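The file run.cif contains mmCIF, N, CA and C atoms:
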data_structure
#
loop_
_atom_site.label_atom_id
_atom_site.label_comp_id
_atom_site.auth_asym_id
_atom_site.auth_seq_id
_atom_site.Cartn_x
_atom_site.Cartn_y
_atom_site.Cartn_z
N MET A 152 -13.35 -3.28 -14.73
CA MET A 152 -12.78 -2.63 -13.56
C MET A 152 -11.77 -3.54 -12.86
N GLN A 153 -11.96 -4.84 -13.02
CA GLN A 153 -11.05 -5.76 -12.35
C GLN A 153 -9.63 -5.64 -12.89
N TRP A 154 -9.49 -5.53 -14.21
CA TRP A 154 -8.14 -5.44 -14.77
C TRP A 154 -7.51 -4.07 -14.55
N LEU A 155 -8.29 -3.11 -14.06
CA LEU A 155 -7.74 -1.82 -13.64
C LEU A 155 -7.49 -1.80 -12.14
N ASP A 156 -7.79 -2.92 -11.48
CA ASP A 156 -7.60 -3.05 -10.04
C ASP A 156 -8.47 -2.05 -9.28
N LEU A 157 -9.71 -1.88 -9.77
CA LEU A 157 -10.64 -0.94 -9.13
C LEU A 157 -11.91 -1.63 -8.62
N ALA A 158 -12.03 -2.93 -8.84
CA ALA A 158 -13.25 -3.64 -8.47
C ALA A 158 -13.57 -3.51 -6.98
N SER A 159 -12.55 -3.47 -6.15
CA SER A 159 -12.77 -3.41 -4.70
C SER A 159 -13.33 -2.06 -4.24
N VAL A 160 -13.26 -1.04 -5.09
CA VAL A 160 -13.77 0.28 -4.71
C VAL A 160 -14.93 0.73 -5.60
N ALA A 161 -15.55 -0.21 -6.29
CA ALA A 161 -16.61 0.12 -7.24
C ALA A 161 -17.79 0.84 -6.60
N ASP A 162 -18.07 0.56 -5.34
CA ASP A 162 -19.22 1.17 -4.67
C ASP A 162 -18.85 2.35 -3.78
N VAL A 163 -17.64 2.84 -3.90
CA VAL A 163 -17.17 3.95 -3.07
C VAL A 163 -17.17 5.23 -3.91
N ALA A 164 -17.65 6.32 -3.33
CA ALA A 164 -17.62 7.61 -4.03
C ALA A 164 -16.17 8.00 -4.30
N VAL A 165 -15.91 8.51 -5.49
CA VAL A 165 -14.54 8.87 -5.86
C VAL A 165 -13.94 9.85 -4.85
N THR A 166 -14.75 10.76 -4.35
CA THR A 166 -14.24 11.76 -3.40
C THR A 166 -13.80 11.14 -2.07
N ALA A 167 -14.23 9.91 -1.80
CA ALA A 167 -13.85 9.23 -0.56
C ALA A 167 -12.63 8.32 -0.74
N LEU A 168 -12.12 8.24 -1.94
CA LEU A 168 -10.98 7.36 -2.22
C LEU A 168 -9.65 8.04 -1.90
N PRO A 169 -8.64 7.24 -1.57
CA PRO A 169 -7.30 7.80 -1.42
C PRO A 169 -6.84 8.41 -2.75
N TYR A 170 -5.94 9.37 -2.67
CA TYR A 170 -5.51 10.12 -3.85
C TYR A 170 -5.02 9.23 -4.99
N GLY A 171 -4.19 8.24 -4.68
CA GLY A 171 -3.64 7.37 -5.72
C GLY A 171 -4.72 6.61 -6.47
N ILE A 172 -5.71 6.13 -5.75
CA ILE A 172 -6.81 5.40 -6.39
C ILE A 172 -7.70 6.37 -7.17
N GLU A 173 -7.89 7.56 -6.64
CA GLU A 173 -8.66 8.59 -7.35
C GLU A 173 -8.02 8.89 -8.71
N ARG A 174 -6.69 8.98 -8.74
CA ARG A 174 -5.98 9.22 -10.01
C ARG A 174 -6.21 8.06 -10.98
N ARG A 175 -6.20 6.84 -10.43
CA ARG A 175 -6.43 5.65 -11.26
C ARG A 175 -7.83 5.67 -11.87
N VAL A 176 -8.82 6.10 -11.09
CA VAL A 176 -10.20 6.20 -11.59
C VAL A 176 -10.26 7.20 -12.74
N GLY A 177 -9.56 8.32 -12.61
CA GLY A 177 -9.54 9.31 -13.69
C GLY A 177 -8.96 8.75 -14.97
N ILE A 178 -7.91 7.98 -14.85
CA ILE A 178 -7.31 7.35 -16.03
C ILE A 178 -8.26 6.30 -16.61
N ALA A 179 -8.92 5.55 -15.74
CA ALA A 179 -9.90 4.56 -16.20
C ALA A 179 -11.03 5.23 -16.98
N ARG A 180 -11.49 6.38 -16.49
CA ARG A 180 -12.55 7.12 -17.21
C ARG A 180 -12.09 7.50 -18.61
N ALA A 181 -10.86 7.99 -18.69
CA ALA A 181 -10.34 8.40 -19.99
C ALA A 181 -10.23 7.21 -20.94
N PHE A 182 -9.71 6.09 -20.46
CA PHE A 182 -9.59 4.91 -21.30
C PHE A 182 -10.96 4.33 -21.67
N ALA A 183 -11.98 4.53 -20.82
CA ALA A 183 -13.32 4.01 -21.09
C ALA A 183 -13.91 4.59 -22.37
N MET A 184 -13.43 5.74 -22.77
CA MET A 184 -13.91 6.37 -24.01
C MET A 184 -13.29 5.72 -25.25
N GLN A 185 -12.41 4.75 -25.04
CA GLN A 185 -11.70 4.04 -26.10
C GLN A 185 -11.07 5.00 -27.11
N PRO A 186 -10.21 5.87 -26.62
CA PRO A 186 -9.59 6.85 -27.51
C PRO A 186 -8.55 6.20 -28.42
N ARG A 187 -8.26 6.86 -29.53
CA ARG A 187 -7.15 6.41 -30.38
C ARG A 187 -5.83 6.84 -29.75
N PHE A 188 -5.84 8.01 -29.12
CA PHE A 188 -4.69 8.52 -28.38
C PHE A 188 -5.19 9.10 -27.07
N LEU A 189 -4.38 8.98 -26.05
CA LEU A 189 -4.72 9.53 -24.75
C LEU A 189 -3.56 10.41 -24.30
N LEU A 190 -3.85 11.64 -23.92
CA LEU A 190 -2.84 12.57 -23.42
C LEU A 190 -2.96 12.61 -21.90
N LEU A 191 -1.88 12.26 -21.22
CA LEU A 191 -1.84 12.28 -19.76
C LEU A 191 -0.84 13.34 -19.32
N ASP A 192 -1.32 14.32 -18.57
CA ASP A 192 -0.47 15.40 -18.08
C ASP A 192 -0.09 15.12 -16.63
N GLU A 193 1.15 14.72 -16.42
CA GLU A 193 1.70 14.40 -15.11
C GLU A 193 0.81 13.43 -14.31
N PRO A 194 0.56 12.25 -14.87
CA PRO A 194 -0.31 11.30 -14.17
C PRO A 194 0.25 10.80 -12.85
N ALA A 195 1.57 10.89 -12.65
CA ALA A 195 2.17 10.40 -11.40
C ALA A 195 2.35 11.49 -10.35
N ALA A 196 1.92 12.71 -10.64
CA ALA A 196 2.08 13.81 -9.68
C ALA A 196 1.38 13.46 -8.36
N GLY A 197 2.12 13.56 -7.28
CA GLY A 197 1.55 13.31 -5.96
C GLY A 197 1.45 11.86 -5.56
N LEU A 198 1.88 10.95 -6.42
CA LEU A 198 1.80 9.53 -6.10
C LEU A 198 3.08 9.06 -5.41
N THR A 199 2.94 8.04 -4.57
CA THR A 199 4.12 7.42 -3.98
C THR A 199 4.83 6.61 -5.06
N MET A 200 6.05 6.16 -4.78
CA MET A 200 6.79 5.36 -5.73
C MET A 200 6.02 4.08 -6.08
N GLY A 201 5.43 3.45 -5.08
CA GLY A 201 4.64 2.23 -5.30
C GLY A 201 3.42 2.50 -6.15
N GLU A 202 2.73 3.61 -5.88
CA GLU A 202 1.55 3.97 -6.68
C GLU A 202 1.96 4.28 -8.12
N ALA A 203 3.10 4.93 -8.30
CA ALA A 203 3.59 5.22 -9.66
C ALA A 203 3.92 3.93 -10.40
N ASP A 204 4.52 2.96 -9.70
CA ASP A 204 4.80 1.66 -10.33
C ASP A 204 3.50 0.97 -10.74
N ASP A 205 2.49 1.02 -9.88
CA ASP A 205 1.18 0.45 -10.22
C ASP A 205 0.58 1.16 -11.42
N LEU A 206 0.75 2.47 -11.48
CA LEU A 206 0.23 3.26 -12.59
C LEU A 206 0.86 2.82 -13.91
N VAL A 207 2.16 2.56 -13.91
CA VAL A 207 2.84 2.09 -15.12
C VAL A 207 2.18 0.81 -15.61
N LYS A 208 1.98 -0.14 -14.72
CA LYS A 208 1.36 -1.42 -15.09
C LYS A 208 -0.03 -1.22 -15.66
N ILE A 209 -0.80 -0.35 -15.02
CA ILE A 209 -2.18 -0.10 -15.46
C ILE A 209 -2.19 0.55 -16.84
N ILE A 210 -1.36 1.56 -17.05
CA ILE A 210 -1.34 2.24 -18.35
C ILE A 210 -0.92 1.27 -19.45
N LEU A 211 0.11 0.47 -19.21
CA LEU A 211 0.55 -0.50 -20.22
C LEU A 211 -0.53 -1.54 -20.49
N ASN A 212 -1.18 -2.01 -19.45
CA ASN A 212 -2.24 -3.01 -19.59
C ASN A 212 -3.40 -2.46 -20.42
N VAL A 213 -3.87 -1.29 -20.06
CA VAL A 213 -5.02 -0.70 -20.76
C VAL A 213 -4.64 -0.33 -22.19
N ARG A 214 -3.46 0.25 -22.36
CA ARG A 214 -3.00 0.61 -23.71
C ARG A 214 -3.00 -0.62 -24.62
N ASP A 215 -2.48 -1.73 -24.10
CA ASP A 215 -2.42 -2.94 -24.90
C ASP A 215 -3.80 -3.54 -25.15
N ARG A 216 -4.70 -3.43 -24.18
CA ARG A 216 -6.05 -3.98 -24.34
C ARG A 216 -6.87 -3.22 -25.38
N ILE A 217 -6.77 -1.89 -25.38
CA ILE A 217 -7.60 -1.13 -26.33
C ILE A 217 -6.81 -0.62 -27.52
N GLY A 218 -5.50 -0.80 -27.49
CA GLY A 218 -4.67 -0.46 -28.64
C GLY A 218 -4.56 1.02 -28.94
N CYS A 219 -4.57 1.85 -27.92
CA CYS A 219 -4.45 3.29 -28.17
C CYS A 219 -3.03 3.77 -27.88
N GLY A 220 -2.67 4.86 -28.52
CA GLY A 220 -1.40 5.50 -28.23
C GLY A 220 -1.53 6.34 -26.97
N VAL A 221 -0.43 6.50 -26.25
CA VAL A 221 -0.44 7.29 -25.03
C VAL A 221 0.67 8.32 -25.12
N VAL A 222 0.31 9.59 -24.94
CA VAL A 222 1.28 10.68 -24.90
C VAL A 222 1.30 11.17 -23.46
N ILE A 223 2.50 11.23 -22.88
CA ILE A 223 2.61 11.58 -21.46
C ILE A 223 3.54 12.77 -21.28
N ILE A 224 3.08 13.74 -20.51
CA ILE A 224 3.92 14.84 -20.04
C ILE A 224 4.19 14.52 -18.58
N GLU A 225 5.46 14.34 -18.23
CA GLU A 225 5.76 13.86 -16.89
C GLU A 225 7.16 14.24 -16.47
N HIS A 226 7.32 14.58 -15.18
CA HIS A 226 8.63 14.89 -14.62
C HIS A 226 9.27 13.68 -13.94
N ASN A 227 8.49 12.64 -13.72
CA ASN A 227 9.00 11.43 -13.08
C ASN A 227 9.76 10.61 -14.13
N ILE A 228 11.07 10.83 -14.19
CA ILE A 228 11.91 10.20 -15.21
C ILE A 228 11.88 8.68 -15.08
N ARG A 229 11.86 8.19 -13.87
CA ARG A 229 11.81 6.74 -13.64
C ARG A 229 10.57 6.14 -14.31
N LEU A 230 9.43 6.78 -14.14
CA LEU A 230 8.19 6.32 -14.76
C LEU A 230 8.30 6.37 -16.28
N ILE A 231 8.80 7.47 -16.81
CA ILE A 231 8.93 7.63 -18.26
C ILE A 231 9.82 6.55 -18.85
N MET A 232 10.93 6.27 -18.20
CA MET A 232 11.86 5.25 -18.71
C MET A 232 11.22 3.87 -18.75
N LYS A 233 10.33 3.58 -17.81
CA LYS A 233 9.65 2.28 -17.79
C LYS A 233 8.51 2.21 -18.81
N LEU A 234 7.89 3.33 -19.06
CA LEU A 234 6.62 3.35 -19.78
C LEU A 234 6.72 3.66 -21.27
N CYS A 235 7.67 4.45 -21.66
CA CYS A 235 7.65 5.02 -23.01
C CYS A 235 8.59 4.34 -23.99
N ASP A 236 8.09 4.16 -25.21
CA ASP A 236 8.90 3.63 -26.31
C ASP A 236 9.76 4.74 -26.90
N ARG A 237 9.20 5.93 -26.99
CA ARG A 237 9.90 7.10 -27.53
C ARG A 237 9.78 8.23 -26.52
N ILE A 238 10.88 8.96 -26.34
CA ILE A 238 10.92 10.03 -25.35
C ILE A 238 11.45 11.29 -26.01
N GLN A 239 10.83 12.41 -25.68
CA GLN A 239 11.32 13.72 -26.10
C GLN A 239 11.59 14.52 -24.83
N VAL A 240 12.82 15.01 -24.69
CA VAL A 240 13.22 15.74 -23.49
C VAL A 240 13.29 17.23 -23.82
N LEU A 241 12.64 18.04 -22.97
CA LEU A 241 12.66 19.49 -23.13
C LEU A 241 13.45 20.12 -22.00
N ALA A 242 14.14 21.19 -22.31
CA ALA A 242 14.80 22.02 -21.30
C ALA A 242 14.62 23.46 -21.74
N ARG A 243 14.04 24.26 -20.86
CA ARG A 243 13.77 25.67 -21.15
C ARG A 243 12.98 25.84 -22.45
N GLY A 244 12.00 24.96 -22.65
CA GLY A 244 11.11 25.08 -23.80
C GLY A 244 11.66 24.57 -25.12
N GLN A 245 12.85 24.01 -25.11
CA GLN A 245 13.47 23.52 -26.34
C GLN A 245 13.71 22.02 -26.24
N THR A 246 13.52 21.32 -27.36
CA THR A 246 13.85 19.90 -27.40
C THR A 246 15.36 19.74 -27.36
N ILE A 247 15.84 18.95 -26.40
CA ILE A 247 17.28 18.71 -26.31
C ILE A 247 17.65 17.27 -26.66
N ALA A 248 16.65 16.38 -26.71
CA ALA A 248 16.93 15.00 -27.07
C ALA A 248 15.63 14.29 -27.42
N GLU A 249 15.74 13.32 -28.31
CA GLU A 249 14.63 12.44 -28.67
C GLU A 249 15.20 11.05 -28.87
N GLY A 250 14.42 10.04 -28.50
CA GLY A 250 14.87 8.68 -28.74
C GLY A 250 14.28 7.70 -27.75
N SER A 251 14.89 6.52 -27.71
CA SER A 251 14.47 5.48 -26.78
C SER A 251 14.97 5.81 -25.37
N ALA A 252 14.52 5.03 -24.40
CA ALA A 252 15.00 5.22 -23.03
C ALA A 252 16.52 5.07 -22.97
N ALA A 253 17.06 4.09 -23.70
CA ALA A 253 18.51 3.88 -23.72
C ALA A 253 19.22 5.09 -24.32
N ASP A 254 18.65 5.65 -25.40
CA ASP A 254 19.24 6.84 -26.02
C ASP A 254 19.27 8.01 -25.03
N ILE A 255 18.19 8.20 -24.32
CA ILE A 255 18.08 9.32 -23.38
C ILE A 255 19.04 9.14 -22.21
N ARG A 256 19.12 7.91 -21.68
CA ARG A 256 20.04 7.63 -20.57
C ARG A 256 21.48 7.94 -20.94
N ALA A 257 21.84 7.68 -22.19
CA ALA A 257 23.22 7.85 -22.65
C ALA A 257 23.53 9.27 -23.12
N ASN A 258 22.52 10.13 -23.17
CA ASN A 258 22.69 11.46 -23.74
C ASN A 258 23.32 12.44 -22.74
N VAL A 259 24.50 12.90 -23.06
CA VAL A 259 25.25 13.81 -22.18
C VAL A 259 24.52 15.15 -22.02
N VAL A 260 23.90 15.64 -23.07
CA VAL A 260 23.18 16.92 -23.00
C VAL A 260 22.04 16.82 -21.98
N VAL A 261 21.33 15.70 -21.98
CA VAL A 261 20.24 15.50 -21.01
C VAL A 261 20.81 15.46 -19.59
N THR A 262 21.88 14.71 -19.41
CA THR A 262 22.51 14.62 -18.09
C THR A 262 22.94 15.99 -17.59
N GLU A 263 23.58 16.76 -18.45
CA GLU A 263 24.03 18.09 -18.04
C GLU A 263 22.85 19.01 -17.75
N ALA A 264 21.80 18.93 -18.54
CA ALA A 264 20.64 19.80 -18.34
C ALA A 264 19.92 19.49 -17.03
N TYR A 265 19.84 18.22 -16.67
CA TYR A 265 19.06 17.85 -15.49
C TYR A 265 19.88 17.66 -14.23
N LEU A 266 21.18 17.41 -14.38
CA LEU A 266 22.02 17.26 -13.20
C LEU A 266 23.01 18.41 -13.05
N GLY A 267 23.15 19.21 -14.10
CA GLY A 267 24.01 20.37 -14.04
C GLY A 267 25.49 20.07 -14.24
N ARG A 268 25.80 18.82 -14.56
CA ARG A 268 27.19 18.45 -14.78
C ARG A 268 27.24 17.16 -15.59
N SER A 269 28.42 16.86 -16.10
CA SER A 269 28.63 15.60 -16.80
C SER A 269 28.76 14.48 -15.78
N VAL A 270 28.31 13.31 -16.16
CA VAL A 270 28.43 12.14 -15.30
C VAL A 270 29.24 11.11 -16.07
N SER A 271 30.31 10.63 -15.46
CA SER A 271 31.11 9.62 -16.14
C SER A 271 30.34 8.31 -16.18
N LYS A 272 30.68 7.45 -17.13
CA LYS A 272 29.97 6.18 -17.27
C LYS A 272 30.14 5.30 -16.03
N ASP A 273 31.23 5.50 -15.27
CA ASP A 273 31.44 4.72 -14.05
C ASP A 273 30.42 5.05 -12.98
N HIS A 274 29.84 6.25 -13.03
CA HIS A 274 28.90 6.69 -12.00
C HIS A 274 27.47 6.78 -12.49
N ALA A 275 27.23 6.46 -13.75
CA ALA A 275 25.88 6.59 -14.31
C ALA A 275 25.00 5.44 -13.90
#

Structure re-expressed in structure tokens:
Amino acid sequence: MQWLDLASVADVAVTALPYGIERRVGIARAFAMQPRFLLLDEPAAGLTMGEADDLVKIILNVRDRIGCGVVIIEHNIRLIMKLCDRIQVLARGQTIAEGSAADIRANVVVTEAYLGRSVSKDHA
């Protein structure tokens, strides 16, 4: 629990915890099963930017400790870019891009789909 940064709340009922810590406990429970793969559906939903940054560190730490793959469905692009080795971007139910964070950042189709216009390299 210490490496998940939960030791300080070990004796507190989950229902009494702040939302961000409650989310962390849920992820800790999932990792406790030592899965080969873990599917996380919008793990950063409702978290502050700071909590989302902490979540990235925790997921990477736990993933590396138990050696499991992590599949994430998430709308927080900032989190995805920090966390994922491979990214698949969907728009209207169709894959519009796949690749590394650098590939996705440079992809004009992704930019147009999510910003509604082209962005010049000077403003990206």

To verify the selection step, state as a ChimeraX atom specification which residues the PyMOL selection byres (((chain A and resi 234 and name CA) around 12) and name CA) yields on this input. /A:194-195,203-212,214,220-225,227-233,235-238,251-252

Name all residues at most 9 Å from Ile178 (chain A) (count only C-alpha atoms; drop same-chain ones fewer than 4 positions away) and give them as a VMD selection string. chain A and resid 173 to 174 182 to 183 191 194 210

Extract the full set of strand (DSSP E or B) residues from chain A according to DSSP on the backbone, and format it as number ranges by chain. A: 188-192, 220-224, 238-242, 245-250

Please, what distance in Å, to one decimal, runs between CA of Leu198 (chain A) and CA of Tyr170 (chain A)? 7.7 Å

Looking only at the backbone, which of the residues in region 166-250 of chain A does DSSP tag as helix (DSSP H, G or I), as an NGL selection string? :A and (166-167 or 170-183 or 200-217 or 228-234)

Please report, as JSON, the centre and edge lengths in Å to one decimal of an axis-aligned box covering all listed atoms of region 206-216 of chain A with 8 Å per side.
{"center_x": -2.0, "center_y": -0.4, "center_z": -18.4, "size_x": 25.7, "size_y": 23.2, "size_z": 29.9}

Using all atoms listed in the file, the shortest atom-to-atom distance to Val213 (chain A) among A:Leu266, A:Leu155, A:Val259, A:Pro169 belongs to A:Leu155

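The space separating atom N of Thr199 (chain A) from atom N of Ile172 (chain A) comes to 8.9 Å.
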
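Straight-line separation from CA of Arg216 (chain A) to CA of Asp254 (chain A): 27.6 Å.
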
Pick the closest to Gln185 (chain A) from A:Leu157, A:Met200, A:Ala164, A:Ile217: which is it, counting only C-alpha atoms? A:Ile217

Pop region 181-267 of chain A out of the structure in the block and write C-alpha atoms as a compact mmCIF listing (two decimals), in the first residue's frame.
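What follows is the written file part_13.txt:
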# COMPACT_ATOMS: atom_id res chain seq x y z
CA ALA A 181 -7.60 -4.36 -9.61
CA PHE A 182 -3.80 -4.56 -9.58
CA ALA A 183 -3.93 -6.70 -6.39
CA MET A 184 -5.34 -9.53 -8.50
CA GLN A 185 -2.03 -9.50 -10.42
CA PRO A 186 -3.68 -9.49 -13.83
CA ARG A 187 -1.81 -10.08 -17.08
CA PHE A 188 -3.79 -7.17 -18.54
CA LEU A 189 -5.84 -4.51 -16.85
CA LEU A 190 -8.59 -2.57 -18.62
CA LEU A 191 -9.22 0.90 -17.17
CA ASP A 192 -12.28 2.77 -18.41
CA GLU A 193 -11.75 6.52 -17.93
CA PRO A 194 -9.67 6.23 -14.75
CA ALA A 195 -9.09 10.01 -14.66
CA ALA A 196 -12.78 10.97 -14.91
CA GLY A 197 -13.60 13.52 -12.23
CA LEU A 198 -10.01 13.91 -11.06
CA THR A 199 -8.16 17.20 -10.76
CA MET A 200 -5.09 17.75 -12.92
CA GLY A 201 -2.86 16.99 -9.92
CA GLU A 202 -4.77 13.81 -9.10
CA ALA A 203 -4.52 12.72 -12.75
CA ASP A 204 -0.74 13.30 -12.66
CA ASP A 205 -0.53 11.18 -9.50
CA LEU A 206 -2.62 8.51 -11.21
CA VAL A 207 -0.14 8.34 -14.11
CA LYS A 208 2.74 7.74 -11.68
CA ILE A 209 0.79 5.08 -9.80
CA ILE A 210 -0.28 3.20 -12.94
CA LEU A 211 3.27 3.22 -14.33
CA ASN A 212 4.72 2.14 -10.99
CA VAL A 213 2.29 -0.73 -10.49
CA ARG A 214 2.47 -1.81 -14.14
CA ASP A 215 6.25 -2.04 -13.89
CA ARG A 216 6.16 -3.84 -10.52
CA ILE A 217 3.78 -6.60 -11.59
CA GLY A 218 4.57 -6.55 -15.30
CA CYS A 219 1.03 -6.39 -16.62
CA GLY A 220 -0.26 -4.69 -19.72
CA VAL A 221 -2.67 -1.80 -19.29
CA VAL A 222 -5.41 -0.90 -21.76
CA ILE A 223 -6.98 2.50 -21.13
CA ILE A 224 -10.11 4.13 -22.52
CA GLU A 225 -9.73 7.80 -21.70
CA HIS A 226 -10.69 11.27 -22.92
CA ASN A 227 -7.89 13.00 -21.00
CA ILE A 228 -5.41 13.34 -23.87
CA ARG A 229 -2.73 14.78 -21.60
CA LEU A 230 -2.86 11.65 -19.42
CA ILE A 231 -2.82 9.33 -22.44
CA MET A 232 0.21 11.07 -23.94
CA LYS A 233 2.14 10.63 -20.67
CA LEU A 234 1.04 7.08 -19.99
CA CYS A 235 0.74 5.12 -23.21
CA ASP A 236 3.33 3.52 -25.46
CA ARG A 237 0.75 2.91 -28.20
CA ILE A 238 -2.37 4.96 -28.83
CA GLN A 239 -5.45 4.31 -30.94
CA VAL A 240 -7.66 7.34 -31.62
CA LEU A 241 -11.35 6.92 -32.43
CA ALA A 242 -13.73 9.46 -33.91
CA ARG A 243 -17.38 8.59 -34.46
CA GLY A 244 -16.66 4.92 -33.79
CA GLN A 245 -13.89 4.62 -36.36
CA THR A 246 -10.13 4.37 -35.87
CA ILE A 247 -8.55 7.51 -37.32
CA ALA A 248 -4.98 7.03 -36.08
CA GLU A 249 -2.69 4.58 -34.33
CA GLY A 250 0.86 5.01 -33.12
CA SER A 251 3.11 6.54 -30.50
CA ALA A 252 2.31 9.78 -28.67
CA ALA A 253 4.60 11.61 -31.13
CA ASP A 254 2.76 10.05 -34.09
CA ILE A 255 -0.62 11.10 -32.68
CA ARG A 256 0.55 14.66 -31.88
CA ALA A 257 1.74 15.08 -35.47
CA ASN A 258 -1.37 13.57 -37.07
CA VAL A 259 -3.41 16.19 -38.95
CA VAL A 260 -6.51 13.96 -39.07
CA VAL A 261 -6.52 13.74 -35.26
CA THR A 262 -6.06 17.50 -34.93
CA GLU A 263 -8.91 18.19 -37.34
CA ALA A 264 -11.21 15.65 -35.67
CA TYR A 265 -10.66 16.99 -32.16
CA LEU A 266 -10.12 20.70 -32.81
CA GLY A 267 -12.25 21.04 -35.92
